[in-house]
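Before any comments, here is the structure.
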Number of protein chains: 2
Amino acid sequence: MFGLKRERTLCVGVVGLGLIGGSMAKALKKYTGHLVYGCDIDEATLSEALADGAIDEAVAENDLSMCDLVFFALYPQQTVAFVRENIRQFRPGALLVDLCGVKRFPVENLTDFCAENGLCFIGGHPMAGRECWGFSGSDADLYKGASMILTPGEHAPAPALELLEGLFADLGFGSITTTTPAAHDSMIAFTSQLAHVVSSAYIKSPRAREHEGFSAGSYKDLTRVAKLNPQMWTELFLENADDLVEEIDTITAHLAEYRKAIAGNDAETLFRLLDDGRRIKEELDR
Amino acid sequence: MFGLKRERTLCVGVVGLGLIGGSMAKALKKYTGHLVYGCDIDEATLSEALADGAIDEAVAENDLSMCDLVFFALYPQQTVAFVRENIRQFRPGALLVDLCGVKRFPVENLTDFCAENGLCFIGGHPMAGRECWGFSGSDADLYKGASMILTPGEHAPAPALELLEGLFADLGFGSITTTTPAAHDSMIAFTSQLAHVVSSAYIKSPRAREHEGFSAGSYKDLTRVAKLNPQMWTELFLENADDLVEEIDTITAHLAEYRKAIAGNDAETLFRLLDDGRRIKEELDR
């Protein structure tokens, strides 16, 4: 069923031209010769994307049949709803790839459904972001050097994966990691979701309001991602609640160890806790 | 008693040529014409500092009597012990300034003691650091744009403060904040110490070992300062235990709110928690 090659000019659809989709469209235009068709519910965004040269053409959601490959840069529930509602609009044999921050939810809801309708669905997650959202924050180089994660499932055709791996390399990604949706969601709970929860909790100290003149790099780093898109992260957290709750419990238990050593004036234990953390971090950075 | 002016060439001692003291010595040499006398228990460090031109002369701890101004870049307990043991070695009327990360402990132990001995002691804390320690990591521009905090106490002579404020501006600091030792320790518990505790706790998740290919900027930021000097931070945390325990309790209580909303699939509460954090962060960044 799958005969696309990235050596020829592909017709690529991008549904949702926010930070992630807008950046994907711009990267496709900057680094490849493929044609880019943009779809967004916001007319002003479509006009801006056209004026910017981020897309070759603005298309309606029921007008994606020319696309060989379609990226979905919507929230997960929107993605599932969009694909289900418009399943008859895609070209037979087309490759559909979502770019959501969780993978079990879209993959479980769309893989078999797409296959039954003669389409190939593959889950993807570009590991890049920024403390803003919407097309205005998008950037052709957002993905430069970033990890691209793919969760293709066992039945994904090898040529589709080859096409995507080559394409993401063309777009500037630094590495491509292939894994299962469950392993993705588990790891992302630690590397990304917990970071956003902790950062958001950190900034809520009453002392935060008076910190001017006392701020250093560590404060800035710990609170950077507190400036997040609350609607998107609410959905992502709830679709990965099991893994994320486990991570919150883990850091809470570790914090309690430090607290106990500090409150008990236990220098020996506190040194060991800090030295263990230093050692792990140094090993991981190697 | 205090008649120094930074317009003339001062003799400045720097005791402890690690990351903080080494950077202070290098900045003094790069940005001022003052003479710099370095003191360190490690002979190799002294030789390196001389060879680098970071100091004009290496001196023994009982040989600081030529110094108008002496900076102490030691751990707090070492600082207090050094000043008490060598109190007769300083030039009468000299200005002594410590650069420790806590201020109540050195200020309470040294202010009156120094005054009784005809010396002026002022607590200071340059808000800058790096994930390394020792002279090899020091940099003349470590303090560029950073905050310098001073906790002079009510009896500190105004000319001494004027001298320091001018000198720190010369060295490239971006701002100078004057406060009390208690207010300093309270704020630093939030902006710096908690960041190091959280970062150290974060890296201890079992998932950390497998995160390759899943890492993004948020993970990197949240775990950067886990690579810390465990000996120094053990002392700093224990000398600020009351404020730091309060901050650990605050973030733990906030984390519990997010956990409850996530585990209970409560989208409304979770959105509010995240949106509150976003709003606070945006207000503070303005």
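Letters A, B, ... mark the chains of the structure tokens in the order given; residue numbers begin at 1 per chain; ligand numbers begin at 1, in order shown.
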Residues within 8 Å of region 110-116 of chain B, please, as a PyMOL selection string. Count only C-alpha atoms; anything in the same chain fewer than 5 positions from it doesn't count.
chain B and resi 80+83-84+87+121-122
Please list as a PyMOL selection string every residue within 10 Å of Gly53 (chain A), counting only C-alpha atoms and excluding residues in the same chain fewer than 4 positions away.
chain A and resi 25-26+29-30+36+47-49+57
For chain A, which residue among B:Gly123, B:Gly101, B:Gly137, B:Pro159 is the nearest when counting only C-alpha atoms?
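Between B:Gly123, B:Gly101, B:Gly137, B:Pro159, the residue approaching chain A most closely is B:Gly101.
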I need the residues of region 123-195 of chain B that end up classed as alpha helix (DSSP H) by DSSP on the backbone, written out as a ChimeraX atom specification.
/B:158-170,181-188,194-195
For the atom pair CA of Glu247 (chain A) and CA of Met127 (chain A), what is the interatomic distance in Å to one decimal place?
19.0 Å
Near region 206-221 of chain B, counting only C-alpha atoms, which residues have an atom at most 6 Å away, once you skip same-chain residues fewer than 2 positions from it, shown as a ChimeraX atom specification?
/A:127,147,177,191-192,195,221 /B:223-224
Emit the selected residues as an mmCIF file, in the first residue's frame, including all heavy atoms.
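The result, stored in part.cif:
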```cif
data_model
loop_
_atom_site.group_PDB
_atom_site.id
_atom_site.type_symbol
_atom_site.label_atom_id
_atom_site.label_comp_id
_atom_site.auth_asym_id
_atom_site.auth_seq_id
_atom_site.Cartn_x
_atom_site.Cartn_y
_atom_site.Cartn_z
ATOM 1 N N MET A 127 10.312 16.740 20.204
ATOM 2 C CA MET A 127 10.652 17.169 21.566
ATOM 3 C C MET A 127 11.214 18.590 21.552
ATOM 4 O O MET A 127 12.407 18.812 21.808
ATOM 5 C CB MET A 127 11.664 16.216 22.183
ATOM 6 C CG MET A 127 11.128 14.831 22.410
ATOM 7 S SD MET A 127 9.755 14.829 23.596
ATOM 8 C CE MET A 127 10.626 15.326 25.079
ATOM 9 N N SER A 147 15.045 15.959 19.467
ATOM 10 C CA SER A 147 14.672 14.558 19.262
ATOM 11 C C SER A 147 13.293 14.490 18.625
ATOM 12 O O SER A 147 12.392 15.222 19.021
ATOM 13 C CB SER A 147 14.581 13.825 20.605
ATOM 14 O OG SER A 147 15.843 13.548 21.122
ATOM 15 N N THR A 177 13.931 8.730 17.622
ATOM 16 C CA THR A 177 13.799 7.630 18.577
ATOM 17 C C THR A 177 12.499 6.905 18.280
ATOM 18 O O THR A 177 11.451 7.526 18.200
ATOM 19 C CB THR A 177 13.762 8.184 20.017
ATOM 20 O OG1 THR A 177 14.980 8.895 20.272
ATOM 21 C CG2 THR A 177 13.609 7.068 21.033
ATOM 22 N N THR A 191 10.504 13.487 31.718
ATOM 23 C CA THR A 191 11.358 14.501 31.080
ATOM 24 C C THR A 191 10.626 15.803 30.779
ATOM 25 O O THR A 191 11.261 16.842 30.642
ATOM 26 C CB THR A 191 11.962 13.997 29.752
ATOM 27 O OG1 THR A 191 10.909 13.645 28.861
ATOM 28 C CG2 THR A 191 12.871 12.807 29.976
ATOM 29 N N SER A 192 9.310 15.756 30.661
ATOM 30 C CA SER A 192 8.600 16.963 30.246
ATOM 31 C C SER A 192 7.430 17.320 31.163
ATOM 32 O O SER A 192 7.360 18.432 31.680
ATOM 33 C CB SER A 192 8.118 16.774 28.805
ATOM 34 O OG SER A 192 7.259 17.813 28.435
ATOM 35 N N ALA A 195 8.369 18.282 34.750
ATOM 36 C CA ALA A 195 9.065 19.578 34.740
ATOM 37 C C ALA A 195 8.060 20.723 34.752
ATOM 38 O O ALA A 195 8.250 21.729 35.437
ATOM 39 C CB ALA A 195 9.978 19.670 33.517
ATOM 40 N N ASP A 221 15.873 29.002 35.723
ATOM 41 C CA ASP A 221 15.723 27.693 35.092
ATOM 42 C C ASP A 221 14.552 26.912 35.676
ATOM 43 O O ASP A 221 13.787 26.283 34.955
ATOM 44 C CB ASP A 221 17.000 26.868 35.276
ATOM 45 C CG ASP A 221 18.063 27.245 34.250
ATOM 46 O OD1 ASP A 221 17.824 28.180 33.468
ATOM 47 O OD2 ASP A 221 19.126 26.604 34.240
ATOM 48 N N THR B 223 17.056 20.062 35.839
ATOM 49 C CA THR B 223 18.074 19.223 36.483
ATOM 50 C C THR B 223 19.475 19.835 36.426
ATOM 51 O O THR B 223 20.412 19.235 36.946
ATOM 52 C CB THR B 223 18.123 17.826 35.835
ATOM 53 O OG1 THR B 223 18.489 17.968 34.453
ATOM 54 C CG2 THR B 223 16.789 17.114 35.947
ATOM 55 N N ARG B 224 19.625 21.024 35.835
ATOM 56 C CA ARG B 224 20.970 21.592 35.647
ATOM 57 C C ARG B 224 21.745 21.688 36.953
ATOM 58 O O ARG B 224 22.888 21.240 37.043
ATOM 59 C CB ARG B 224 20.888 22.984 34.992
ATOM 60 C CG ARG B 224 22.261 23.637 34.773
ATOM 61 C CD ARG B 224 22.150 24.975 34.055
ATOM 62 N NE ARG B 224 21.436 25.977 34.825
ATOM 63 C CZ ARG B 224 21.988 26.778 35.747
ATOM 64 N NH1 ARG B 224 23.268 26.688 36.031
ATOM 65 N NH2 ARG B 224 21.258 27.671 36.401
#
```
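For the residues A:Tyr202, A:Ser23, A:Lys260, A:Val107, ranking by smallest atom-to-atom distance to Arg130 (chain A) using only C-alpha atoms places A:Ser23 first.
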Point-to-point distance from CA of Phe82 (chain B) to CA of Leu69 (chain B), Å rounded to tenths:
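About the pair CA of Phe82 (chain B) and CA of Leu69 (chain B): they are 15.2 Å apart.
Nearest residue to His196 (chain A), choosing from A:Phe90, A:Phe168, A:Phe72, A:Trp233 and counting only C-alpha atoms: A:Trp233.
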What's the 12 Å shell around Pro230 (chain B), counting only C-alpha atoms, without same-chain residues fewer than 6 positions away, as a compact mmCIF listing (two decimals) with N, CA and C atoms, in the first residue's frame?
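Full text of selection_26.txt as output:
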```txt
# COMPACT_ATOMS: atom_id res chain seq x y z
N ALA A 267 23.80 16.36 58.86
CA ALA A 267 24.74 16.72 57.78
C ALA A 267 25.18 15.51 56.97
N GLU A 268 25.35 14.38 57.64
CA GLU A 268 25.85 13.19 56.96
C GLU A 268 24.85 12.70 55.90
N THR A 269 23.58 12.58 56.32
CA THR A 269 22.54 12.14 55.38
C THR A 269 22.35 13.16 54.26
N LEU A 270 22.33 14.45 54.63
CA LEU A 270 22.12 15.49 53.62
C LEU A 270 23.25 15.47 52.58
N PHE A 271 24.47 15.32 53.04
CA PHE A 271 25.60 15.23 52.11
C PHE A 271 25.41 14.05 51.16
N ARG A 272 25.02 12.90 51.71
CA ARG A 272 24.84 11.71 50.87
C ARG A 272 23.74 11.93 49.83
N LEU A 273 22.63 12.54 50.25
CA LEU A 273 21.52 12.81 49.32
C LEU A 273 21.99 13.72 48.17
N LEU A 274 22.71 14.77 48.52
CA LEU A 274 23.17 15.73 47.51
C LEU A 274 24.25 15.12 46.63
N ASP A 275 25.14 14.33 47.24
CA ASP A 275 26.21 13.73 46.47
C ASP A 275 25.67 12.67 45.52
N ASP A 276 24.66 11.92 45.95
CA ASP A 276 24.01 10.95 45.05
C ASP A 276 23.41 11.66 43.84
N GLY A 277 22.73 12.77 44.08
CA GLY A 277 22.13 13.52 42.97
C GLY A 277 23.19 14.04 42.01
N ARG A 278 24.28 14.57 42.57
CA ARG A 278 25.38 15.07 41.74
C ARG A 278 25.94 13.94 40.87
N ARG A 279 26.16 12.78 41.48
CA ARG A 279 26.74 11.65 40.76
C ARG A 279 25.82 11.19 39.62
N TYR B 75 33.67 28.63 52.81
CA TYR B 75 32.38 28.22 53.37
C TYR B 75 32.14 29.07 54.63
N GLU B 131 27.92 25.22 37.32
CA GLU B 131 27.86 23.81 37.75
C GLU B 131 29.26 23.21 37.85
N CYS B 132 30.15 23.92 38.54
CA CYS B 132 31.48 23.40 38.77
C CYS B 132 32.02 24.16 39.96
N TRP B 133 33.16 23.76 40.45
CA TRP B 133 33.76 24.53 41.53
C TRP B 133 35.27 24.45 41.44
N HIS B 196 18.09 24.10 44.17
CA HIS B 196 19.09 23.03 44.23
C HIS B 196 18.51 21.76 44.85
N VAL B 197 17.66 21.90 45.86
CA VAL B 197 17.02 20.72 46.46
C VAL B 197 16.11 20.04 45.43
N SER B 200 18.06 18.33 42.62
CA SER B 200 18.70 17.12 43.12
C SER B 200 17.68 15.99 43.31
N LEU B 236 25.38 25.17 53.69
CA LEU B 236 24.46 26.30 53.45
C LEU B 236 23.02 25.94 53.82
N PHE B 237 22.59 24.73 53.47
CA PHE B 237 21.21 24.34 53.78
C PHE B 237 21.00 24.28 55.30
```
